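S.K.: For reference, this is upload_37.csv, and it has CSV, C-alpha atoms.
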chain,number,residue,atom,x,y,z
A,1,CYS,CA,15.9,8.9,-83.1
A,2,PHE,CA,19.1,8.5,-85.0
A,3,ALA,CA,20.1,7.2,-88.4
A,4,ILE,CA,23.3,5.4,-89.4
A,5,GLU,CA,24.5,5.5,-93.0
A,6,ARG,CA,25.3,1.9,-93.9
A,7,GLN,CA,26.6,2.7,-97.4
A,8,ALA,CA,27.8,6.1,-98.7
A,9,PRO,CA,27.0,7.2,-102.2
A,10,PRO,CA,29.6,5.7,-104.7
A,11,GLN,CA,32.8,7.8,-104.9
A,12,HIS,CA,32.5,8.1,-108.7
A,13,TRP,CA,29.2,9.9,-108.6
A,14,PRO,CA,30.8,13.3,-108.4
A,15,LEU,CA,32.7,12.6,-111.5
A,16,LEU,CA,29.6,11.4,-113.4
A,17,ALA,CA,27.7,14.5,-112.2
A,18,GLY,CA,30.5,16.8,-113.4
A,19,GLU,CA,30.7,15.1,-116.7
A,20,ALA,CA,26.9,15.4,-117.2
A,21,LEU,CA,27.0,19.1,-116.3
A,22,GLN,CA,29.9,19.8,-118.7
A,23,ASN,CA,28.1,18.0,-121.5
A,24,LEU,CA,24.9,20.0,-120.9
A,25,ARG,CA,26.8,23.3,-120.8
A,26,SER,CA,28.6,22.3,-124.0
A,27,ALA,CA,25.3,21.4,-125.8
A,28,LEU,CA,24.3,25.0,-125.6
A,29,GLU,CA,27.5,26.0,-127.2
A,30,TYR,CA,27.4,23.3,-129.9
A,31,VAL,CA,23.9,24.3,-131.1
A,32,LEU,CA,25.1,27.8,-131.7
A,33,TYR,CA,28.4,26.7,-133.3
A,34,ALA,CA,26.4,24.7,-135.8
A,35,ILE,CA,24.6,27.8,-136.8
A,36,LYS,CA,27.6,30.1,-136.8
A,37,PRO,CA,31.0,28.4,-136.7
A,38,SER,CA,33.1,30.8,-134.6
A,39,ASN,CA,35.2,30.8,-131.5
A,40,ILE,CA,33.5,34.0,-130.5
A,41,VAL,CA,29.9,32.7,-130.5
A,42,GLN,CA,28.8,31.4,-127.1
A,43,PHE,CA,25.6,30.8,-125.1
A,44,PRO,CA,26.0,33.5,-122.4
A,45,ILE,CA,24.4,32.9,-119.0
A,46,PHE,CA,24.1,35.9,-116.6
A,47,THR,CA,22.2,36.8,-113.5
A,48,ASP,CA,22.2,40.6,-114.1
A,49,ALA,CA,21.5,42.9,-117.1
A,50,LYS,CA,24.7,44.9,-116.7
A,51,SER,CA,27.0,41.9,-116.9
A,52,TYR,CA,25.0,40.5,-119.8
A,53,GLY,CA,25.3,43.7,-121.7
A,54,GLU,CA,29.0,44.1,-121.1
A,55,LYS,CA,30.2,40.5,-121.3
A,56,GLY,CA,27.5,38.4,-122.9
A,57,ALA,CA,25.7,40.2,-125.7
A,58,TRP,CA,28.7,40.5,-128.0
A,59,ARG,CA,29.1,36.7,-127.9
A,60,LEU,CA,26.0,36.5,-130.1
A,61,LYS,CA,27.4,38.4,-133.0
A,62,GLY,CA,26.6,36.9,-136.3
A,63,LEU,CA,23.7,34.8,-135.1
A,64,PRO,CA,20.2,35.2,-136.6
A,65,VAL,CA,17.9,37.7,-134.8
A,66,GLY,CA,15.5,35.0,-133.7
A,67,VAL,CA,18.3,33.0,-132.0
A,68,ARG,CA,19.7,36.1,-130.3
A,69,THR,CA,16.3,37.0,-129.0
A,70,HIS,CA,15.7,33.5,-127.7
A,71,ILE,CA,19.0,33.6,-125.7
A,72,GLU,CA,18.3,37.1,-124.4
A,73,ARG,CA,14.9,36.1,-123.1
A,74,ALA,CA,16.3,32.9,-121.6
A,75,GLN,CA,18.7,34.9,-119.2
A,76,PRO,CA,18.1,34.1,-115.5
A,77,TYR,CA,17.8,37.8,-114.6
A,78,ILE,CA,14.8,38.0,-117.0
A,79,VAL,CA,13.1,34.7,-116.3
A,80,MET,CA,13.5,34.9,-112.5
A,81,PRO,CA,14.2,38.5,-111.6
A,82,ALA,CA,13.6,38.0,-107.9
A,83,SER,CA,16.2,35.2,-107.6
A,84,PRO,CA,18.2,34.8,-110.8
A,85,ALA,CA,20.9,32.7,-109.1
A,86,ASP,CA,18.3,30.0,-108.5
A,87,HIS,CA,17.4,29.6,-112.2
A,88,PRO,CA,18.4,26.3,-113.7
A,89,LEU,CA,20.7,27.9,-116.3
A,90,ALA,CA,22.5,29.9,-113.6
A,91,ILE,CA,22.9,26.8,-111.5
A,92,LEU,CA,24.3,25.0,-114.6
A,93,SER,CA,26.8,27.7,-115.2
A,94,SER,CA,27.9,27.9,-111.6
A,95,LEU,CA,28.3,24.1,-111.2
A,96,ALA,CA,30.1,23.7,-114.6
A,97,ASN,CA,32.6,26.4,-113.7
A,98,LEU,CA,33.1,24.9,-110.2
A,99,ASP,CA,33.7,21.5,-111.8
A,100,LYS,CA,36.5,22.9,-113.8
A,101,HIS,CA,38.5,23.7,-110.6
A,102,ARG,CA,37.6,20.8,-108.3
A,103,GLU,CA,35.6,17.6,-108.0
A,104,LEU,CA,31.9,18.3,-107.2
A,105,ALA,CA,30.8,17.2,-103.7
A,106,THR,CA,28.2,14.5,-103.5
A,107,LEU,CA,26.5,13.7,-100.2
A,108,ALA,CA,23.4,12.3,-98.7
A,109,SER,CA,21.3,14.2,-96.2
A,110,THR,CA,18.0,14.0,-94.3
A,111,VAL,CA,15.5,16.1,-96.2
A,112,ASP,CA,11.8,16.7,-96.9
A,113,PHE,CA,10.2,14.7,-94.2
A,114,GLU,CA,10.7,13.5,-90.7
A,115,GLY,CA,7.6,12.3,-88.8
A,116,VAL,CA,6.2,9.9,-86.3
A,117,GLY,CA,3.3,7.5,-86.9
A,118,ALA,CA,1.4,6.6,-83.7
A,119,SER,CA,-1.4,4.1,-82.8
A,120,LYS,CA,-4.8,5.3,-81.9
A,121,GLY,CA,-5.0,7.2,-78.6
A,122,ILE,CA,-1.3,8.2,-78.7
A,123,GLY,CA,-0.3,11.8,-79.0
A,124,ILE,CA,3.0,13.3,-80.0
A,125,ASN,CA,4.5,16.5,-78.5
A,126,GLY,CA,7.7,18.5,-79.0
A,127,LEU,CA,8.7,17.1,-82.3
A,128,LYS,CA,12.2,18.4,-83.2
A,129,THR,CA,13.6,17.3,-86.6
A,130,GLY,CA,17.1,17.0,-88.0
A,131,THR,CA,16.3,18.4,-91.5
A,132,ASP,CA,19.4,18.8,-93.7
A,133,GLN,CA,21.6,16.9,-91.3
A,134,LEU,CA,24.3,15.0,-93.2
A,135,LEU,CA,24.2,11.3,-93.0
A,136,GLY,CA,27.4,9.5,-92.1
A,137,HIS,CA,30.1,10.1,-89.4
A,138,GLY,CA,28.3,7.9,-86.9
A,139,LYS,CA,24.8,8.6,-85.6
A,140,THR,CA,22.8,11.4,-87.3
A,141,HIS,CA,20.0,13.0,-85.3
A,142,VAL,CA,16.7,12.5,-87.2
A,143,SER,CA,14.1,13.5,-84.6
A,144,THR,CA,13.2,14.0,-81.0
A,145,PHE,CA,9.7,13.8,-79.6
A,146,VAL,CA,7.5,12.9,-76.6
A,147,ALA,CA,4.8,10.3,-77.0
A,148,PHE,CA,2.0,10.1,-74.5
A,149,ALA,CA,-1.3,8.3,-74.0
A,150,GLU,CA,-4.3,10.5,-74.8
A,151,THR,CA,-6.8,7.9,-73.7
A,152,GLU,CA,-6.6,5.4,-70.8
A,153,GLY,CA,-5.4,2.0,-71.9
A,154,ALA,CA,-4.1,3.2,-75.3
A,155,GLN,CA,-1.3,0.9,-76.6
A,156,MET,CA,2.0,2.8,-76.9
A,157,ASP,CA,3.0,2.1,-80.5
A,158,VAL,CA,5.0,4.7,-82.4
A,159,ASN,CA,6.8,4.5,-85.7
A,160,PRO,CA,9.4,7.3,-86.3
A,161,ASN,CA,10.4,7.6,-90.0
A,162,PHE,CA,12.2,9.9,-92.3
A,163,SER,CA,13.3,10.2,-96.0
A,164,TYR,CA,16.6,11.3,-97.4
A,165,GLU,CA,18.1,12.2,-100.8
A,166,VAL,CA,21.4,12.3,-102.5
A,167,ARG,CA,22.6,15.9,-103.3
A,168,VAL,CA,25.3,17.4,-105.5
A,169,GLU,CA,26.8,20.5,-104.0
A,170,GLY,CA,23.7,20.8,-101.8
A,171,LEU,CA,21.2,20.5,-104.7
A,172,PRO,CA,18.8,17.6,-105.0
A,173,LEU,CA,19.4,15.3,-108.0
A,174,ASP,CA,16.0,16.5,-109.3
A,175,SER,CA,17.7,19.8,-109.9
A,176,LEU,CA,20.0,18.2,-112.4
A,177,VAL,CA,17.0,16.6,-114.2
A,178,ALA,CA,15.4,20.1,-114.4
A,179,ILE,CA,18.6,21.5,-115.8
A,180,ALA,CA,18.9,18.7,-118.4
A,181,ARG,CA,15.3,19.2,-119.6
A,182,LEU,CA,15.7,23.0,-119.9
A,183,VAL,CA,18.9,22.6,-121.9
A,184,TYR,CA,17.1,20.1,-124.2
A,185,ARG,CA,14.3,22.6,-124.7
A,186,HIS,CA,16.6,25.4,-125.6
A,187,VAL,CA,18.5,23.2,-128.0
A,188,TYR,CA,15.3,22.0,-129.6
A,189,GLU,CA,13.9,25.6,-130.0
A,190,ILE,CA,17.1,27.0,-131.4
A,191,GLU,CA,17.5,24.2,-133.9
A,192,THR,CA,13.9,24.2,-135.0
A,193,GLY,CA,12.9,27.8,-134.5
A,194,GLN,CA,9.7,26.6,-132.9
A,195,GLN,CA,8.5,26.4,-129.3
A,196,MET,CA,8.7,23.0,-127.8
A,197,PRO,CA,5.2,21.5,-127.3
A,198,VAL,CA,3.9,21.9,-123.8
A,199,MET,CA,3.1,18.2,-123.5
A,200,ALA,CA,6.4,17.1,-125.2
A,201,THR,CA,8.1,14.0,-123.9
A,202,TYR,CA,11.7,14.6,-122.8
A,203,PRO,CA,14.3,11.9,-123.5
A,204,ILE,CA,15.7,12.6,-120.0
Represent the structure of the file as structure tokens.
M.R.:
Amino acid sequence: CFAIERQAPPQHWPLLAGEALQNLRSALEYVLYAIKPSNIVQFPIFTDAKSYGEKGAWRLKGLPVGVRTHIERAQPYIVMPASPADHPLAILSSLANLDKHRELATLASTVDFEGVGASKGIGINGLKTGTDQLLGHGKTHVSTFVAFAETEGAQMDVNPNFSYEVRVEGLPLDSLVAIARLVYRHVYEIETGQQMPVMATYPI
């Protein structure tokens, strides 16, 4: 089974994604600047304690103790010590820095699910899928399988299917939503000095 991309993602999507990421990164800086107007104060994001201690901690000089503690506890190496680079803030920092130097890459790829529906009495063997194959550039392999009759007289009716998603730099768009919600929570908690309610509704 093959898929053919009839329409690629719009060419301006990478620009929109880059703009959104820069705005999210800047929001973390703006909330601190509102508390302590200074070119030194920044919201550092680091994936290891050593780098944070050497390059990040001093950026919090002059901020209230509660705000400094909040930012320190939010660091990816603390929240996700096993894989800090996969933390939403680490991804935000990485993509925002990348966007400063080049346009982000947007693509569509086959993901999550490739399967075959079959009528009663039909079996499927040897299913091979094309997970993460990029759509476009002609035919894209989705799946290969062998269908066979398990019972005599079974009607051979199969329905191969798959789902795909648009990605930014290899990340699902849902990752951007997760980043936006996390930034919103940090801004809310720094501004109010209170934890965001667990069941709060995000405006994103």
S.K.: I'd like to know which of A:Val158, A:Gly66, A:Tyr52, A:Trp58 is closest to Ile78 of chain A, using all atoms listed in the file.
M.R.: A:Tyr52
S.K.: Starting from the point (22.7, 38.7, -115.4), work out which residues of protein, DNA or RNA have an atom no more than 12 Å away when counting only C-alpha atoms; state them as a ChimeraX atom specification.
M.R.: /A:44-57,72-87,89-90,93
S.K.: Would you write out those residues with C-alpha atoms, as a CSV table (one decimal), in the frame of the given file?
M.R.:
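The resulting result.csv:
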chain,number,residue,atom,x,y,z
A,44,PRO,CA,26.0,33.5,-122.4
A,45,ILE,CA,24.4,32.9,-119.0
A,46,PHE,CA,24.1,35.9,-116.6
A,47,THR,CA,22.2,36.8,-113.5
A,48,ASP,CA,22.2,40.6,-114.1
A,49,ALA,CA,21.5,42.9,-117.1
A,50,LYS,CA,24.7,44.9,-116.7
A,51,SER,CA,27.0,41.9,-116.9
A,52,TYR,CA,25.0,40.5,-119.8
A,53,GLY,CA,25.3,43.7,-121.7
A,54,GLU,CA,29.0,44.1,-121.1
A,55,LYS,CA,30.2,40.5,-121.3
A,56,GLY,CA,27.5,38.4,-122.9
A,57,ALA,CA,25.7,40.2,-125.7
A,72,GLU,CA,18.3,37.1,-124.4
A,73,ARG,CA,14.9,36.1,-123.1
A,74,ALA,CA,16.3,32.9,-121.6
A,75,GLN,CA,18.7,34.9,-119.2
A,76,PRO,CA,18.1,34.1,-115.5
A,77,TYR,CA,17.8,37.8,-114.6
A,78,ILE,CA,14.8,38.0,-117.0
A,79,VAL,CA,13.1,34.7,-116.3
A,80,MET,CA,13.5,34.9,-112.5
A,81,PRO,CA,14.2,38.5,-111.6
A,82,ALA,CA,13.6,38.0,-107.9
A,83,SER,CA,16.2,35.2,-107.6
A,84,PRO,CA,18.2,34.8,-110.8
A,85,ALA,CA,20.9,32.7,-109.1
A,86,ASP,CA,18.3,30.0,-108.5
A,87,HIS,CA,17.4,29.6,-112.2
A,89,LEU,CA,20.7,27.9,-116.3
A,90,ALA,CA,22.5,29.9,-113.6
A,93,SER,CA,26.8,27.7,-115.2
S.K.: Which residue out of A:Glu114, A:Arg102, A:Asn23, A:Val67 has the minimum interatomic distance to Gln194 of chain A when all atoms listed in the file are used?
M.R.: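 Closest residue, counting all atoms listed in the file: A:Val67.
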S.K.: Can you work out the spacing between atom CA of Pro64 of chain A and atom CA of Phe43 of chain A in Å, to one decimal?
M.R.: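 Pair atom CA of Pro64 of chain A / atom CA of Phe43 of chain A returns 13.4 Å.
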S.K.: How many Å separate atom CA of Glu152 of chain A from atom CA of Leu127 of chain A?
M.R.: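 Computed distance, atom CA of Glu152 of chain A to atom CA of Leu127 of chain A, equals 22.4 Å.
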S.K.: Looking at all atoms listed in the file, which of A:Ile40, A:Leu104, A:Val183, A:Leu171 is the one that sits closest to Leu28 of chain A?
M.R.: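 Closest to Leu28 of chain A of all the choices is A:Val183.
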S.K.: Anything within 10 Å of (23.5, 13.4, -82.9): list those residues as an NGL selection string, counting only C-alpha atoms and sticking to the file's coordinates.
M.R.: :A and (1-3 or 130 or 133 or 137-143)
S.K.: In Å to one decimal, how far is atom CA of Met199 of chain A from atom CA of Ala178 of chain A?
M.R.: 15.4 Å
